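Here is the structure we will look at, set down as structure tokens.
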Amino acid sequence: MSIAVHSPFHFPSHTRFISSTKPSILFNPISISSNHRFGVRAPVAATEAVRCSAVVESGKESANVEEKSVSVILLAGGKGKRMGASMPKQYLPLLGQPIALYSFYTFSGMVEVKEIVVVCDPSYRDIFKDTVEKIPVDLKFALPGKERQDSVYNGLQVVDSSSELVCVHDSARPLASSGDIQKVLKDGWLHGAAVLGVPVKATIKEANNDRFVVKTLERKTLWEMQTPQVIRPDLLKKGFDLVTREGLEVTDDVSVVEHLKLPVHITEGCYTNIKITTPDDLLLAEKILKARTES
């Protein structure tokens, strides 16, 4: 069960956690400065024109995310078997542009972002390299791992050491808006870890192995998690040390902070920030994008 937490904790930027245990995962970083030149693809970002500001509760310190202080880890190494396509779903065309490039361009246009680390199979790197002339951020690459947490760890290894926040995003979510991203960045800075989420609409029941209902969960306490998920790099590194040492598996990024028994703030996002998993999702994303263009 996920419960919204409003935490009084604030982790200063000079806080450091030290651990001697490190996961033994191979990675292959490649860094491309934004002033290199490749072929140019006309960018399209799936974002609204209006940028929102996070509302800070009375009595709490205001959150100011500085320019060029955020490293984005864009996960683009999934296979997407449920889509049934000839290529991974994140590279399928969405209104003429690969799905992965929508959030890529959204992040690259934000002043808070200094670099994007794309975690992908080397055979798809050219899709991102071809954009370098049009983006004002640095581009890096890392290899995908066996599991999601391995891919995030690989990306973390090449994040700039001066970054104050790490923002992890699924490239199969092309419709995240810059306004929602700014809100979760501010909450991540204020609380140490934050994740976009939306209140669950459906009634959720817990069942046993025979598919008989055990109980009905209290819907008002349940949230559906999305990405981006924003974490201070020192917390993320300490969390990885813990889950590796104890052999834990996590299905999202803020879970490593939960294992540290530290607070994770839920930033309310939008239901349109869907993850494209099936052909029906792709059709829905097209409708949302067309509606945004027409509005």
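If you're wondering about the labels, chains in the structure tokens are A, B, ... by order shown, residues count from 1 in each chain, ligands from 1 in order shown.
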
Which residues come within 6 Å of stretch 270-285 of chain A, counting only C-alpha atoms, excluding same-chain residues fewer than 4 positions away, as an NGL selection string? :A and (83 or 172-173 or 175-176)

Residues from last step as file, all heavy atoms, as a PDB file, in the first residue's frame:
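Saved file out30.pdb follows:
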ATOM      1  N   MET A  83       3.718  -5.342 -26.248  1.00  0.00           N
ATOM      2  CA  MET A  83       3.297  -4.564 -27.402  1.00  0.00           C
ATOM      3  C   MET A  83       3.202  -5.441 -28.650  1.00  0.00           C
ATOM      4  O   MET A  83       2.423  -5.158 -29.573  1.00  0.00           O
ATOM      5  CB  MET A  83       4.273  -3.405 -27.639  1.00  0.00           C
ATOM      6  CG  MET A  83       3.913  -2.505 -28.793  1.00  0.00           C
ATOM      7  SD  MET A  83       2.357  -1.618 -28.553  1.00  0.00           S
ATOM      8  CE  MET A  83       2.856  -0.370 -27.362  1.00  0.00           C
ATOM      9  N   ALA A 172       8.950   5.155 -21.876  1.00  0.00           N
ATOM     10  CA  ALA A 172       7.635   4.744 -22.385  1.00  0.00           C
ATOM     11  C   ALA A 172       6.508   5.607 -21.830  1.00  0.00           C
ATOM     12  O   ALA A 172       5.334   5.330 -22.093  1.00  0.00           O
ATOM     13  CB  ALA A 172       7.377   3.277 -22.053  1.00  0.00           C
ATOM     14  N   ARG A 173       6.853   6.633 -21.057  1.00  0.00           N
ATOM     15  CA  ARG A 173       5.873   7.646 -20.608  1.00  0.00           C
ATOM     16  C   ARG A 173       6.175   8.953 -21.345  1.00  0.00           C
ATOM     17  O   ARG A 173       6.890   9.815 -20.836  1.00  0.00           O
ATOM     18  CB  ARG A 173       5.950   7.864 -19.106  1.00  0.00           C
ATOM     19  CG  ARG A 173       5.460   6.693 -18.276  1.00  0.00           C
ATOM     20  CD  ARG A 173       5.419   7.049 -16.802  1.00  0.00           C
ATOM     21  NE  ARG A 173       5.062   5.924 -15.964  1.00  0.00           N
ATOM     22  CZ  ARG A 173       3.821   5.589 -15.621  1.00  0.00           C
ATOM     23  NH1 ARG A 173       2.817   6.347 -16.033  1.00  0.00           N
ATOM     24  NH2 ARG A 173       3.586   4.547 -14.865  1.00  0.00           N
ATOM     25  N   LEU A 175       4.222  11.473 -22.151  1.00  0.00           N
ATOM     26  CA  LEU A 175       3.306  12.592 -21.961  1.00  0.00           C
ATOM     27  C   LEU A 175       3.512  13.352 -20.655  1.00  0.00           C
ATOM     28  O   LEU A 175       2.674  14.184 -20.292  1.00  0.00           O
ATOM     29  CB  LEU A 175       1.855  12.092 -22.042  1.00  0.00           C
ATOM     30  CG  LEU A 175       1.506  11.345 -23.332  1.00  0.00           C
ATOM     31  CD1 LEU A 175       0.074  10.832 -23.274  1.00  0.00           C
ATOM     32  CD2 LEU A 175       1.702  12.219 -24.551  1.00  0.00           C
ATOM     33  N   ALA A 176       4.602  13.081 -19.947  1.00  0.00           N
ATOM     34  CA  ALA A 176       4.889  13.841 -18.724  1.00  0.00           C
ATOM     35  C   ALA A 176       5.100  15.304 -19.083  1.00  0.00           C
ATOM     36  O   ALA A 176       5.869  15.631 -19.984  1.00  0.00           O
ATOM     37  CB  ALA A 176       6.127  13.278 -18.032  1.00  0.00           C
TER      38      ALA A 176
END

If you run DSSP on the backbone here, which positions in stretch 45-215 of chain A get strand (DSSP E or B)? Please write them as a PyMOL selection string. chain A and resi 70-75+93-94+97-98+113-119+138-142+165-170+193-199+205-207+213-215

Among stretch 34-269 of chain A, which residues does DSSP mark as alpha helix (DSSP H) when it is run on the backbone? Keep the chain and numbering as in the structure and answer as a PyMOL selection string. chain A and resi 99-108+125-129+148-156+178-191+233-245+255-259

Coordinates-based distance that separates atom CA of A:Val117 from atom CA of A:Asp138 (Å, one decimal):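 Going from atom CA of A:Asp138 over to atom CA of A:Val117, I get 8.4 Å.
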
Can you tell me which residues surround A:Val113 at a distance of at most 7 Å, considering only C-alpha atoms, apart from same-chain residues fewer than 3 positions away, and format the answer as a ChimeraX atom specification? /A:67-71,107-108,110

Dump as a short mmCIF file (atom, residue, chain, number, x, y, z; two decimals), in the first residue's frame, selection limited to C-alpha atoms:
data_model
loop_
_atom_site.label_atom_id
_atom_site.label_comp_id
_atom_site.auth_asym_id
_atom_site.auth_seq_id
_atom_site.Cartn_x
_atom_site.Cartn_y
_atom_site.Cartn_z
CA GLU A 67 19.60 25.70 -13.01
CA LYS A 68 21.74 22.87 -14.38
CA SER A 69 21.54 20.92 -11.11
CA VAL A 70 19.54 17.88 -12.24
CA SER A 71 20.74 14.71 -13.95
CA PHE A 107 13.66 17.28 -20.19
CA SER A 108 16.21 18.85 -22.53
CA MET A 110 14.09 22.51 -18.85
#

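For A:Phe104, the list of residues within 8 Å, based on only C-alpha atoms and with local chain neighbours fewer than 2 positions off taken out, reads Ala45, Leu74, Ala100, Leu101, Tyr102, Thr106, Phe107, Ser108, Ile116 and Ser171 of chain A.
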
Looking at only C-alpha atoms, which of A:Val184, A:Cys120, A:Trp189, A:Ile127 is the one that sits closest to A:Asn154?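 For A:Asn154, the nearest of the candidates is A:Cys120.
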
For A:Val119, which of A:Val168, A:Ile135, A:Leu289, A:Ile99 is the closest residue, counting only C-alpha atoms?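 Of A:Val168, A:Ile135, A:Leu289, A:Ile99, the one nearest A:Val119 is A:Val168, counting only C-alpha atoms.
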
Exercise: A:Pro233 partners within 7 Å, only C-alpha atoms, chain neighbours under 6 positions left out, as a PyMOL selection string: chain A and resi 164-166

Among A:Ala142, A:Val118, A:Ala193, A:Leu156, A:Ser103 is approached most closely, using only C-alpha atoms, by A:Val118

Do you know which residues are at most 8 Å from A:Val256 counting only C-alpha atoms, after dropping those on the same chain fewer than 5 positions away, and could you put them as a list of chain:residue names?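 My reading of the contact set: A:Leu236, A:Gly239, A:Phe240, A:Leu242, A:Val243, A:Val250.
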
Go ahead and compute the interatomic distance for atom CA of A:Val159 and atom CA of A:Glu115, in Å to one decimal.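 Straight-line distance from atom CA of A:Val159 to atom CA of A:Glu115 works out to 8.1 Å.
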